[in-house]
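The structure appears below as structure tokens.
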Amino acid sequence: MHIGTLVSYDGGMTTIDTTTNELVSVNPATNEPAGSVPITPVDAIPTIVGRAAIAQKAWAAKTIEERAEILRPIGPKLLEAAERVGTILTREMGKPLAEGIGEVTYAAKGWTTEIDEIVAALEPTVLEDDNRRTNLYHDPLGVCGAITPWNFPVLMPHQAILPGLLAGNTVVLKPSEETPLCAQAYCDVINEHLPPDLLQVIHGDEKQGKALVQSDVDLIVFTGSKAAGEHILGSASNGLKRVILELGGKDPMVVLKDADIDAAVEFGVRNAFRNAGQVCVSTERIYVDDAIHDEFVERFIAKTAELQQGDGMTEGVNIGPMISANQKSLVVDQLNEAIADGAQVVHGGGEMDGNFVPLTILTGLSHDMRIMNDETFGPIACIQKTTSDDEAIRLANDTPYGLGACVFGEVEHATQVARHIEAGMVGVNSGCGGATGSPWVGAKHSGYGFHSGPLGHRQFCQVRTVSVPKG
Ligand code: NAD
């Protein structure tokens with residue numbers, strides 16, 4: 001069964017109900033409907049984008065400071081709504097309630113703190129040589145089509161909406177068909193304070209996403225799978241649309257022989273199983289030096305046993321379900337194939353009811369196995385023994401992905417190893433996220449363009465120069 005069952009007006013996906021044209025979002029913990037939104041007809045999308053283009057002219061005519069003043073009061077309103085929107089998020093996506101509310105709170109606080117950061121990043125800069133003085137501007141691009149996934153169903157839209165609007169663009173958002181309700185609720189709060197058509201939300205599945213890409217948008221901001229990103233990059237060539245693609249990952253964690261084992265285990269367990277492994281920067285592959293491998297595995301098992309799976313609305317639950325039966329079967333197929341190929345289950349495995357997959361730890365792995373190559377996006381921690389730093393680096397880099405990574409060990413040693421990891425973001429003795437102002441950036445097939453930080457904010461703009469000769 002598909003969560004967020006698409007009740008499609010043209011019979012596109014799982015369930016057809018021509019009487020309602022509604023997209024019904026289903027709670028993955030209970031398989032009960034969580035609510036519904038109207039599906040946007042594909043042929044209405046060019047008109048919606050046309051309205052966004054008209055609204056963009058007046059919005060772009062304002063200075064960035066004027067736009068900032070209009071957007072600023074929205075942050076506190078989002079914060080006030082965090083508990084309500086976070087509860088909707090948990091009911092339709094499954095993550096624990098504290099994480100659902102936490103995600104909305106993080107986005108709402110970001111709305112406030114990021115405004116000044118974006119304004120500063122987009123200020124004109126002056127370049128001068130002996131002959132010319134050049135003003136370099138970060139101008140609006142036009143209409144931004146944002147297409148987002150279900151795993152962070154409020155934060156991912158937020159990361160397109162705020163820099164998109166502040167840069168002087170208008171935004172047409174298509175949230176995931178699995179999580180339309182919380183994205184709509186978040187945008188409803190924003191839209192109470194915005195002039196019409198600056199932010200519009202359309203609903204549907206990849207048909208609506210493809211139609212948005214094909215429409216007259218100027219920039220596509222996409223977060224989602226590598227396969228969809230590749231398709232979008234091809235389609236965007238029609239009209240030479242700008243793209244920002246934040247794609248999937250297969251993040252490695254390297255544990256060196258001089259690592260603090262407890263700190264590495266603490267981080268590895270949290271980052272392998274958080275959100276049931278449905279995180280783009282989940283730790284999916286762990287390479288542990290032979291000298292500490294067995295002790296690491298033993299403590300990893302003990303720490304994992306402390307976690308409680310269940311309905312995210314239940315107190316004490318740390319890990320929710322897979323988003324859908326489809327996602328569960330993708331994960332279980334990889335797991336069963338790995339076991340058939342010789343991987344050993346040292347914790348978990350077996351069956352669980354509903355959309356749940358047991359928290360599972362595998363050892364005895366090799367890169368001949370699909371589970372060490374394809375993105376899993378489920379609660380499976382794969383631990384492989386290594387005999388040298390060079391081998392750990394080679395295995396960590398043996399993937400077309402390059403989103404996040406981390407290295408645990410003595411700081412200087414780990415930092416040296418980190419410089420050899422082919423990922424956009426590498427954390428030493430920590431997760432991959434950087435200090436305030438860092439971009440969220442993927443290398444290799446994990447990204448094409450990126451967002452966040454001054455460098456990311458500028459990707460929502462047209463860079464333009466005006467040069468004057470010196471007298
Ligand atoms: P997905 O690619 O299946 O769908 C993402 C969105 O794109 C949805 O709204 C979907 O309807 C739409 N879509 C699908 N195919 C499309 C197409 N051809 N044209 C236009 N729109 C299309 O991804 P998902 O299953 O929703 O999310 C999980 C994936 O997202 C994982 O691969 C994960 O790693 C990735 N992700 C990456 C980041 C990051 O920051 N790099 C963050 C979150 C999730």
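Chain labels follow the order of the structure tokens: the first chain is A, the next B, and so on; residue numbering restarts at 1 in every chain, and ligands are counted from 1 in their shown order.
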
Next item on the list: Name all residues at most 12 Å from Gly94 of chain A (count only C-alpha atoms; drop same-chain ones fewer than 2 positions away) and give them as a ChimeraX atom specification.
Entry: /A:3,25-32,34,86-92,96-100,150-153,178-179,274-276,278,309-314,317-324,355-356

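Using only C-alpha atoms and all ligand atoms, residues with at least one atom at most 6 Å away from any atom of ligand 1 are A:Ile147, A:Thr148, A:Pro149, A:Trp150, A:Lys174, A:Pro175, A:Ser176, A:Glu177, A:Asp205, A:Glu206, A:Gly209, A:Lys210, A:Thr223, A:Gly224, A:Ser225, A:Ala228, A:His231, A:Ile232, A:Glu246, A:Leu247, A:Gly248, A:Gly249, A:Cys280.
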
Just write the chosen residues, N, CA, C and O atoms, as an mmCIF file, in the first residue's frame.
data_model
loop_
_atom_site.group_PDB
_atom_site.id
_atom_site.type_symbol
_atom_site.label_atom_id
_atom_site.label_comp_id
_atom_site.auth_asym_id
_atom_site.auth_seq_id
_atom_site.Cartn_x
_atom_site.Cartn_y
_atom_site.Cartn_z
ATOM 1 N N ILE A 147 10.575 21.497 -5.640
ATOM 2 C CA ILE A 147 10.023 20.128 -5.574
ATOM 3 C C ILE A 147 10.754 19.407 -4.444
ATOM 4 O O ILE A 147 11.989 19.353 -4.438
ATOM 5 N N THR A 148 9.978 18.888 -3.485
ATOM 6 C CA THR A 148 10.626 18.427 -2.245
ATOM 7 C C THR A 148 10.197 17.005 -1.859
ATOM 8 O O THR A 148 9.150 16.526 -2.276
ATOM 9 N N PRO A 149 11.019 16.348 -1.018
ATOM 10 C CA PRO A 149 10.759 14.961 -0.602
ATOM 11 C C PRO A 149 9.973 14.894 0.717
ATOM 12 O O PRO A 149 9.646 15.920 1.303
ATOM 13 N N TRP A 150 9.757 13.686 1.192
ATOM 14 C CA TRP A 150 8.908 13.475 2.363
ATOM 15 C C TRP A 150 9.689 13.320 3.654
ATOM 16 O O TRP A 150 9.106 13.334 4.737
ATOM 17 N N LYS A 174 5.934 22.199 -4.952
ATOM 18 C CA LYS A 174 5.243 20.909 -5.010
ATOM 19 C C LYS A 174 5.872 19.999 -3.963
ATOM 20 O O LYS A 174 6.930 19.423 -4.162
ATOM 21 N N PRO A 175 5.190 19.881 -2.814
ATOM 22 C CA PRO A 175 5.727 18.972 -1.797
ATOM 23 C C PRO A 175 5.502 17.519 -2.200
ATOM 24 O O PRO A 175 4.727 17.227 -3.115
ATOM 25 N N SER A 176 6.152 16.627 -1.492
ATOM 26 C CA SER A 176 5.981 15.194 -1.775
ATOM 27 C C SER A 176 4.514 14.785 -1.648
ATOM 28 O O SER A 176 3.795 15.250 -0.753
ATOM 29 N N GLU A 177 4.102 13.859 -2.484
ATOM 30 C CA GLU A 177 2.744 13.312 -2.426
ATOM 31 C C GLU A 177 2.532 12.504 -1.140
ATOM 32 O O GLU A 177 1.397 12.214 -0.763
ATOM 33 N N ASP A 205 1.835 13.981 -7.661
ATOM 34 C CA ASP A 205 3.034 13.150 -7.642
ATOM 35 C C ASP A 205 4.008 13.622 -8.717
ATOM 36 O O ASP A 205 4.052 14.803 -9.056
ATOM 37 N N GLU A 206 4.743 12.685 -9.302
ATOM 38 C CA GLU A 206 5.771 13.105 -10.265
ATOM 39 C C GLU A 206 5.172 13.727 -11.525
ATOM 40 O O GLU A 206 5.842 14.504 -12.204
ATOM 41 N N GLY A 209 5.138 17.194 -10.696
ATOM 42 C CA GLY A 209 6.543 17.643 -10.647
ATOM 43 C C GLY A 209 7.088 17.856 -12.051
ATOM 44 O O GLY A 209 7.712 18.882 -12.348
ATOM 45 N N LYS A 210 6.814 16.911 -12.943
ATOM 46 C CA LYS A 210 7.320 17.032 -14.321
ATOM 47 C C LYS A 210 6.694 18.243 -15.011
ATOM 48 O O LYS A 210 7.362 18.965 -15.757
ATOM 49 N N THR A 223 14.939 18.706 -4.208
ATOM 50 C CA THR A 223 15.585 17.811 -3.249
ATOM 51 C C THR A 223 14.887 16.471 -3.366
ATOM 52 O O THR A 223 13.657 16.401 -3.255
ATOM 53 N N GLY A 224 15.659 15.432 -3.613
ATOM 54 C CA GLY A 224 15.053 14.112 -3.755
ATOM 55 C C GLY A 224 16.063 13.111 -4.268
ATOM 56 O O GLY A 224 17.278 13.271 -4.072
ATOM 57 N N SER A 225 15.562 12.080 -4.937
ATOM 58 C CA SER A 225 16.420 10.967 -5.319
ATOM 59 C C SER A 225 17.305 11.325 -6.517
ATOM 60 O O SER A 225 16.989 12.205 -7.311
ATOM 61 N N ALA A 228 15.382 10.840 -9.910
ATOM 62 C CA ALA A 228 14.507 11.952 -10.305
ATOM 63 C C ALA A 228 15.345 13.174 -10.666
ATOM 64 O O ALA A 228 15.018 13.907 -11.606
ATOM 65 N N HIS A 231 16.565 12.935 -14.149
ATOM 66 C CA HIS A 231 15.482 13.197 -15.091
ATOM 67 C C HIS A 231 15.222 14.706 -15.188
ATOM 68 O O HIS A 231 15.066 15.263 -16.280
ATOM 69 N N ILE A 232 15.207 15.367 -14.049
ATOM 70 C CA ILE A 232 14.937 16.811 -14.023
ATOM 71 C C ILE A 232 16.038 17.578 -14.747
ATOM 72 O O ILE A 232 15.763 18.506 -15.520
ATOM 73 N N GLU A 246 19.615 18.716 -4.926
ATOM 74 C CA GLU A 246 20.166 18.102 -3.703
ATOM 75 C C GLU A 246 19.692 16.657 -3.695
ATOM 76 O O GLU A 246 18.489 16.405 -3.535
ATOM 77 N N LEU A 247 20.607 15.712 -3.864
ATOM 78 C CA LEU A 247 20.191 14.326 -4.151
ATOM 79 C C LEU A 247 20.580 13.346 -3.038
ATOM 80 O O LEU A 247 20.951 13.752 -1.952
ATOM 81 N N GLY A 248 20.489 12.091 -3.344
ATOM 82 C CA GLY A 248 20.652 11.044 -2.337
ATOM 83 C C GLY A 248 22.100 10.837 -1.911
ATOM 84 O O GLY A 248 23.021 11.480 -2.407
ATOM 85 N N GLY A 249 22.281 9.941 -0.954
ATOM 86 C CA GLY A 249 23.621 9.674 -0.447
ATOM 87 C C GLY A 249 23.796 8.219 -0.035
ATOM 88 O O GLY A 249 22.841 7.424 -0.028
ATOM 89 N N CYS A 280 18.954 11.762 4.242
ATOM 90 C CA CYS A 280 19.914 11.754 3.125
ATOM 91 C C CYS A 280 21.334 11.557 3.615
ATOM 92 O O CYS A 280 22.150 10.970 2.917
#

Write out as a Markdown table a residue-level contact list of segment 322-360 of chain A versus segment 366-380 of chain A with cut-off 8 Å: for each qualifying residue the closest pair of atoms and the distance in Å to one decimal, counting only C-alpha atoms, rows sorted by chain and residue number upward.
| residue | atom | partner | partner_atom | distance |
| --- | --- | --- | --- | --- |
| A:Met322 | CA | A:Gly378 | CA | 7.3 |
| A:Lys328 | CA | A:Gly378 | CA | 7.7 |
| A:Leu330 | CA | A:Thr376 | CA | 7.6 |
| A:Val331 | CA | A:Gly378 | CA | 5.8 |
| A:Gln334 | CA | A:Ile371 | CA | 5.7 |
| A:Leu335 | CA | A:Ile371 | CA | 7.0 |
| A:Glu337 | CA | A:Arg370 | CA | 7.7 |
| A:Ala338 | CA | A:Met369 | CA | 6.1 |
| A:Asp341 | CA | A:Met369 | CA | 6.9 |
| A:Val357 | CA | A:Pro379 | CA | 7.0 |
| A:Pro358 | CA | A:Pro379 | CA | 7.2 |
| A:Leu359 | CA | A:Pro379 | CA | 5.2 |
| A:Thr360 | CA | A:Ile380 | CA | 4.8 |

Preceding selection exported with N, CA and C atoms as a short mmCIF file (atom, residue, chain, number, x, y, z; two decimals), in the first residue's frame:
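Now in again26.cif:
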data_model
loop_
_atom_site.label_atom_id
_atom_site.label_comp_id
_atom_site.auth_asym_id
_atom_site.auth_seq_id
_atom_site.Cartn_x
_atom_site.Cartn_y
_atom_site.Cartn_z
N MET A 322 8.76 3.06 8.41
CA MET A 322 9.08 3.49 7.04
C MET A 322 7.91 4.36 6.57
N LYS A 328 9.37 0.16 2.63
CA LYS A 328 9.74 -1.02 3.44
C LYS A 328 10.24 -2.14 2.53
N LEU A 330 11.58 -1.97 -0.42
CA LEU A 330 12.91 -1.65 -0.99
C LEU A 330 14.01 -2.01 0.00
N VAL A 331 13.79 -1.66 1.27
CA VAL A 331 14.79 -1.90 2.31
C VAL A 331 14.92 -3.41 2.59
N GLN A 334 16.83 -5.29 -0.12
CA GLN A 334 18.30 -5.12 -0.02
C GLN A 334 18.85 -5.97 1.11
N LEU A 335 18.12 -5.98 2.24
CA LEU A 335 18.58 -6.73 3.42
C LEU A 335 18.63 -8.23 3.11
N GLU A 337 18.79 -9.72 0.25
CA GLU A 337 19.82 -10.01 -0.76
C GLU A 337 21.20 -10.06 -0.10
N ALA A 338 21.46 -9.11 0.83
CA ALA A 338 22.76 -9.08 1.51
C ALA A 338 22.96 -10.36 2.32
N ASP A 341 23.78 -13.16 0.21
CA ASP A 341 25.16 -13.02 -0.31
C ASP A 341 26.21 -13.24 0.77
N VAL A 357 10.48 -1.74 9.97
CA VAL A 357 11.60 -2.64 9.67
C VAL A 357 12.44 -2.70 10.95
N PRO A 358 12.80 -3.90 11.42
CA PRO A 358 13.61 -3.97 12.65
C PRO A 358 14.95 -3.26 12.49
N LEU A 359 15.41 -2.59 13.55
CA LEU A 359 16.74 -1.98 13.53
C LEU A 359 17.74 -3.13 13.40
N THR A 360 18.52 -3.09 12.33
CA THR A 360 19.35 -4.25 11.99
C THR A 360 20.80 -3.85 11.81
#

Check: Looking at A:Val463, A:Val428, A:Leu455, A:Ala120, which one is nearest to Ala263 of chain A, with distances taken over only C-alpha atoms?
Finding: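 For Ala263 of chain A, the nearest of the candidates is A:Val428.
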
Give me, as a tab-separated table, the closest atom pair and its distance (Å, one decimal) for every residue of segment 229-270 of chain A within a cut-off of 12 Å of segment 403-420 of chain A, counting only C-alpha atoms, rows sorted by chain and rising number.
residue	atom	partner	partner_atom	distance
A:Leu245	CA	A:Leu403	CA	11.8
A:Glu246	CA	A:Leu403	CA	8.9
A:Leu247	CA	A:Leu403	CA	8.0
A:Gly248	CA	A:Leu403	CA	7.3
A:Gly249	CA	A:Leu403	CA	5.3
A:Lys250	CA	A:Leu403	CA	7.4
A:Asp251	CA	A:Ala405	CA	5.2
A:Pro252	CA	A:Ala405	CA	5.1
A:Met253	CA	A:Cys406	CA	4.9
A:Val254	CA	A:Val407	CA	4.6
A:Val255	CA	A:Phe408	CA	4.9
A:Leu256	CA	A:Gly409	CA	5.1
A:Lys257	CA	A:Gly409	CA	6.9
A:Asp258	CA	A:Gly409	CA	5.1
A:Ala259	CA	A:Gly409	CA	3.6
A:Asp260	CA	A:Gly409	CA	6.6
A:Ile261	CA	A:Phe408	CA	8.6
A:Asp262	CA	A:Phe408	CA	10.6
A:Ala263	CA	A:Phe408	CA	8.4
A:Ala264	CA	A:Phe408	CA	6.2
A:Val265	CA	A:Phe408	CA	9.9
A:Glu266	CA	A:Phe408	CA	11.4
A:Phe267	CA	A:Phe408	CA	9.6
A:Gly268	CA	A:Cys406	CA	9.6

Please, could you write that set of residues out with N, CA and C atoms as a compact mmCIF listing (two decimals), in the first residue's frame?
# COMPACT_ATOMS: atom_id res chain seq x y z
N LEU A 245 20.05 20.87 -7.49
CA LEU A 245 19.63 19.49 -7.21
C LEU A 245 20.35 18.98 -5.97
N GLU A 246 19.62 18.72 -4.93
CA GLU A 246 20.17 18.10 -3.70
C GLU A 246 19.69 16.66 -3.70
N LEU A 247 20.61 15.71 -3.86
CA LEU A 247 20.19 14.33 -4.15
C LEU A 247 20.58 13.35 -3.04
N GLY A 248 20.49 12.09 -3.34
CA GLY A 248 20.65 11.04 -2.34
C GLY A 248 22.10 10.84 -1.91
N GLY A 249 22.28 9.94 -0.95
CA GLY A 249 23.62 9.67 -0.45
C GLY A 249 23.80 8.22 -0.04
N LYS A 250 25.03 7.86 0.28
CA LYS A 250 25.36 6.53 0.80
C LYS A 250 26.50 6.78 1.77
N ASP A 251 26.20 7.57 2.83
CA ASP A 251 27.28 8.16 3.62
C ASP A 251 28.12 7.13 4.36
N PRO A 252 29.45 7.28 4.28
CA PRO A 252 30.34 6.43 5.06
C PRO A 252 30.72 7.07 6.40
N MET A 253 31.00 6.20 7.35
CA MET A 253 31.61 6.63 8.61
C MET A 253 32.90 5.82 8.74
N VAL A 254 34.03 6.51 8.93
CA VAL A 254 35.30 5.82 9.08
C VAL A 254 35.70 5.90 10.55
N VAL A 255 35.96 4.75 11.16
CA VAL A 255 36.35 4.73 12.57
C VAL A 255 37.80 4.23 12.63
N LEU A 256 38.70 5.16 12.96
CA LEU A 256 40.13 4.86 12.98
C LEU A 256 40.51 4.15 14.28
N LYS A 257 41.70 3.55 14.30
CA LYS A 257 42.08 2.75 15.47
C LYS A 257 42.22 3.60 16.73
N ASP A 258 42.48 4.96 16.57
CA ASP A 258 42.63 5.81 17.75
C ASP A 258 41.33 6.56 18.09
N ALA A 259 40.20 6.04 17.60
CA ALA A 259 38.91 6.70 17.88
C ALA A 259 38.47 6.47 19.33
N ASP A 260 37.71 7.42 19.86
CA ASP A 260 37.01 7.23 21.13
C ASP A 260 35.80 6.33 20.78
N ILE A 261 35.87 5.07 21.18
CA ILE A 261 34.88 4.09 20.71
C ILE A 261 33.47 4.48 21.17
N ASP A 262 33.34 4.92 22.41
CA ASP A 262 32.00 5.27 22.90
C ASP A 262 31.40 6.42 22.11
N ALA A 263 32.23 7.44 21.82
CA ALA A 263 31.71 8.60 21.06
C ALA A 263 31.32 8.16 19.65
N ALA A 264 32.13 7.29 19.07
CA ALA A 264 31.84 6.82 17.70
C ALA A 264 30.56 5.99 17.68
N VAL A 265 30.39 5.14 18.69
CA VAL A 265 29.19 4.30 18.76
C VAL A 265 27.96 5.18 18.98
N GLU A 266 28.07 6.10 19.90
CA GLU A 266 26.95 7.02 20.21
C GLU A 266 26.47 7.71 18.93
N PHE A 267 27.43 8.27 18.17
CA PHE A 267 27.06 8.97 16.95
C PHE A 267 26.53 7.99 15.90
N GLY A 268 27.25 6.88 15.71
CA GLY A 268 26.90 5.93 14.64
C GLY A 268 25.50 5.38 14.81

Margin query: Between A:Cys461, A:Ile101, A:Val288, A:Ala211, which residue has the minimum interatomic distance to Glu123 of chain A, considering only C-alpha atoms?
Written below: A:Cys461

Next item on the list: Write down as a PyMOL selection string the residues belonging to segment 207-303 of chain A that are assigned strand (DSSP E or B) by DSSP computed on the backbone.
Entry: chain A and resi 219-223+242-246+251-255+283-289

With the cut-off set at 10 Å and counting only C-alpha atoms, tabulate each residue of segment 264-376 of chain A with an atom at most that distance from an atom of segment 389-393 of chain A, showing the nearest atom pair and its distance in Å to one decimal, ordered by chain and increasing number, as JSON lines.
{"residue": "A:Ile286", "atom": "CA", "partner": "A:Ala392", "partner_atom": "CA", "distance": 9.3}
{"residue": "A:Tyr287", "atom": "CA", "partner": "A:Ala392", "partner_atom": "CA", "distance": 6.1}
{"residue": "A:Val288", "atom": "CA", "partner": "A:Ala392", "partner_atom": "CA", "distance": 7.8}
{"residue": "A:Asp289", "atom": "CA", "partner": "A:Asp389", "partner_atom": "CA", "distance": 7.9}

Checklist line | Non-local contacts of segment 155-170 of chain A (8 Å; only C-alpha atoms; under 2 positions in same chain excluded) as an MDAnalysis selection string | finding: chainID A and resid 52:53 55:56 59:60 62 64 67:68 71 103:104 106:107 111 115 118:119 122 138:144 146:149 152:153 172:173 175 183 197:199 221 223 451:452 457 460:461

Per DSSP on the backbone, what are the alpha helix (DSSP H) residues of segment 234-437 of chain A, as a PDB file with C-alpha atoms, in the first residue's frame?
ATOM      1  CA  GLY A 234      17.544  16.484 -18.668  1.00  0.00           C
ATOM      2  CA  SER A 235      14.095  18.132 -18.784  1.00  0.00           C
ATOM      3  CA  ILE A 261      34.877   4.091  20.712  1.00  0.00           C
ATOM      4  CA  ASP A 262      32.000   5.266  22.902  1.00  0.00           C
ATOM      5  CA  ALA A 263      31.713   8.601  21.065  1.00  0.00           C
ATOM      6  CA  ALA A 264      31.841   6.822  17.703  1.00  0.00           C
ATOM      7  CA  VAL A 265      29.186   4.302  18.764  1.00  0.00           C
ATOM      8  CA  GLU A 266      26.949   7.025  20.205  1.00  0.00           C
ATOM      9  CA  PHE A 267      27.064   8.972  16.952  1.00  0.00           C
ATOM     10  CA  GLY A 268      26.900   5.933  14.641  1.00  0.00           C
ATOM     11  CA  VAL A 269      23.796   4.450  16.282  1.00  0.00           C
ATOM     12  CA  ARG A 270      21.986   7.791  16.288  1.00  0.00           C
ATOM     13  CA  ASN A 271      22.888   8.601  12.704  1.00  0.00           C
ATOM     14  CA  ALA A 272      22.213   5.155  11.272  1.00  0.00           C
ATOM     15  CA  PHE A 273      18.745   4.849  12.828  1.00  0.00           C
ATOM     16  CA  HIS A 293      36.236  -3.642  15.247  1.00  0.00           C
ATOM     17  CA  ASP A 294      34.932  -6.338  17.596  1.00  0.00           C
ATOM     18  CA  GLU A 295      34.630  -4.010  20.586  1.00  0.00           C
ATOM     19  CA  PHE A 296      32.922  -1.379  18.411  1.00  0.00           C
ATOM     20  CA  VAL A 297      30.377  -3.918  17.147  1.00  0.00           C
ATOM     21  CA  GLU A 298      29.637  -5.204  20.649  1.00  0.00           C
ATOM     22  CA  ARG A 299      28.977  -1.674  21.990  1.00  0.00           C
ATOM     23  CA  PHE A 300      27.022  -0.737  18.843  1.00  0.00           C
ATOM     24  CA  ILE A 301      24.661  -3.664  19.455  1.00  0.00           C
ATOM     25  CA  ALA A 302      24.182  -2.721  23.122  1.00  0.00           C
ATOM     26  CA  LYS A 303      23.425   0.925  22.269  1.00  0.00           C
ATOM     27  CA  THR A 304      20.985  -0.044  19.508  1.00  0.00           C
ATOM     28  CA  ALA A 325       5.013  -0.280   2.385  1.00  0.00           C
ATOM     29  CA  ASN A 326       6.853   0.440  -0.847  1.00  0.00           C
ATOM     30  CA  GLN A 327       9.828   1.944   1.038  1.00  0.00           C
ATOM     31  CA  LYS A 328       9.737  -1.020   3.438  1.00  0.00           C
ATOM     32  CA  SER A 329       9.954  -3.511   0.603  1.00  0.00           C
ATOM     33  CA  LEU A 330      12.906  -1.654  -0.992  1.00  0.00           C
ATOM     34  CA  VAL A 331      14.791  -1.902   2.310  1.00  0.00           C
ATOM     35  CA  VAL A 332      13.804  -5.512   3.060  1.00  0.00           C
ATOM     36  CA  ASP A 333      14.810  -6.594  -0.470  1.00  0.00           C
ATOM     37  CA  GLN A 334      18.296  -5.122  -0.016  1.00  0.00           C
ATOM     38  CA  LEU A 335      18.578  -6.728   3.418  1.00  0.00           C
ATOM     39  CA  ASN A 336      17.504 -10.192   2.237  1.00  0.00           C
ATOM     40  CA  GLU A 337      19.816 -10.008  -0.758  1.00  0.00           C
ATOM     41  CA  ALA A 338      22.759  -9.078   1.511  1.00  0.00           C
ATOM     42  CA  ILE A 339      21.993 -12.018   3.823  1.00  0.00           C
ATOM     43  CA  ALA A 340      21.768 -14.376   0.832  1.00  0.00           C
ATOM     44  CA  ASP A 389      43.502   4.012   6.685  1.00  0.00           C
ATOM     45  CA  ASP A 390      44.127   3.661   2.942  1.00  0.00           C
ATOM     46  CA  GLU A 391      41.675   0.785   2.695  1.00  0.00           C
ATOM     47  CA  ALA A 392      39.033   2.731   4.680  1.00  0.00           C
ATOM     48  CA  ILE A 393      39.454   5.760   2.395  1.00  0.00           C
ATOM     49  CA  ARG A 394      39.283   3.602  -0.743  1.00  0.00           C
ATOM     50  CA  LEU A 395      36.090   1.877   0.418  1.00  0.00           C
ATOM     51  CA  ALA A 396      34.481   5.111   1.648  1.00  0.00           C
ATOM     52  CA  VAL A 411      41.608  14.939  15.715  1.00  0.00           C
ATOM     53  CA  GLU A 412      44.675  15.561  13.539  1.00  0.00           C
ATOM     54  CA  HIS A 413      44.753  12.017  12.237  1.00  0.00           C
ATOM     55  CA  ALA A 414      41.016  12.064  11.491  1.00  0.00           C
ATOM     56  CA  THR A 415      41.253  15.493   9.830  1.00  0.00           C
ATOM     57  CA  GLN A 416      43.971  14.199   7.501  1.00  0.00           C
ATOM     58  CA  VAL A 417      41.827  11.211   6.555  1.00  0.00           C
ATOM     59  CA  ALA A 418      38.769  13.498   6.131  1.00  0.00           C
TER      60      ALA A 418
END

Note to self: Between atom CA of Gly354 of chain A and atom CA of Gln308 of chain A, what distance in Å does the model show, to one decimal?
What the structure shows: 15.6 Å

Check: Pick from A:Asp130, A:Glu284, A:Glu66, A:Glu80: nearest to Lys470 of chain A, with only C-alpha atoms counted?
Finding: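 Checking each of A:Asp130, A:Glu284, A:Glu66, A:Glu80 against Lys470 of chain A, counting only C-alpha atoms, the winner is A:Asp130.
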
Check: Near Arg242 of chain A, within 7 Å and counting only C-alpha atoms, which residues show up once chain neighbours fewer than 4 positions away are dropped, as JSON, numbers by chain?
Finding: {"A": [218, 219, 220]}

I need the chosen residues saved as a PDB file, in the first residue's frame, with all heavy atoms.
ATOM      1  N   ASP A 218      11.902  29.674 -13.898  1.00  0.00           N
ATOM      2  CA  ASP A 218      13.263  30.092 -14.241  1.00  0.00           C
ATOM      3  C   ASP A 218      14.309  29.288 -13.483  1.00  0.00           C
ATOM      4  O   ASP A 218      15.455  29.180 -13.911  1.00  0.00           O
ATOM      5  CB  ASP A 218      13.429  31.584 -13.908  1.00  0.00           C
ATOM      6  CG  ASP A 218      12.414  32.415 -14.679  1.00  0.00           C
ATOM      7  OD1 ASP A 218      12.636  32.633 -15.874  1.00  0.00           O
ATOM      8  OD2 ASP A 218      11.380  32.802 -14.084  1.00  0.00           O
ATOM      9  N   LEU A 219      13.913  28.765 -12.332  1.00  0.00           N
ATOM     10  CA  LEU A 219      14.842  28.008 -11.485  1.00  0.00           C
ATOM     11  C   LEU A 219      14.081  26.826 -10.896  1.00  0.00           C
ATOM     12  O   LEU A 219      12.946  26.993 -10.442  1.00  0.00           O
ATOM     13  CB  LEU A 219      15.349  28.914 -10.341  1.00  0.00           C
ATOM     14  CG  LEU A 219      16.096  28.241  -9.194  1.00  0.00           C
ATOM     15  CD1 LEU A 219      17.468  27.741  -9.663  1.00  0.00           C
ATOM     16  CD2 LEU A 219      16.293  29.209  -8.023  1.00  0.00           C
ATOM     17  N   ILE A 220      14.709  25.667 -10.920  1.00  0.00           N
ATOM     18  CA  ILE A 220      14.107  24.502 -10.256  1.00  0.00           C
ATOM     19  C   ILE A 220      14.980  24.158  -9.057  1.00  0.00           C
ATOM     20  O   ILE A 220      16.194  23.943  -9.207  1.00  0.00           O
ATOM     21  CB  ILE A 220      14.041  23.296 -11.220  1.00  0.00           C
ATOM     22  CG1 ILE A 220      13.152  23.634 -12.416  1.00  0.00           C
ATOM     23  CG2 ILE A 220      13.519  22.050 -10.509  1.00  0.00           C
ATOM     24  CD1 ILE A 220      13.593  22.960 -13.666  1.00  0.00           C
TER      25      ILE A 220
END
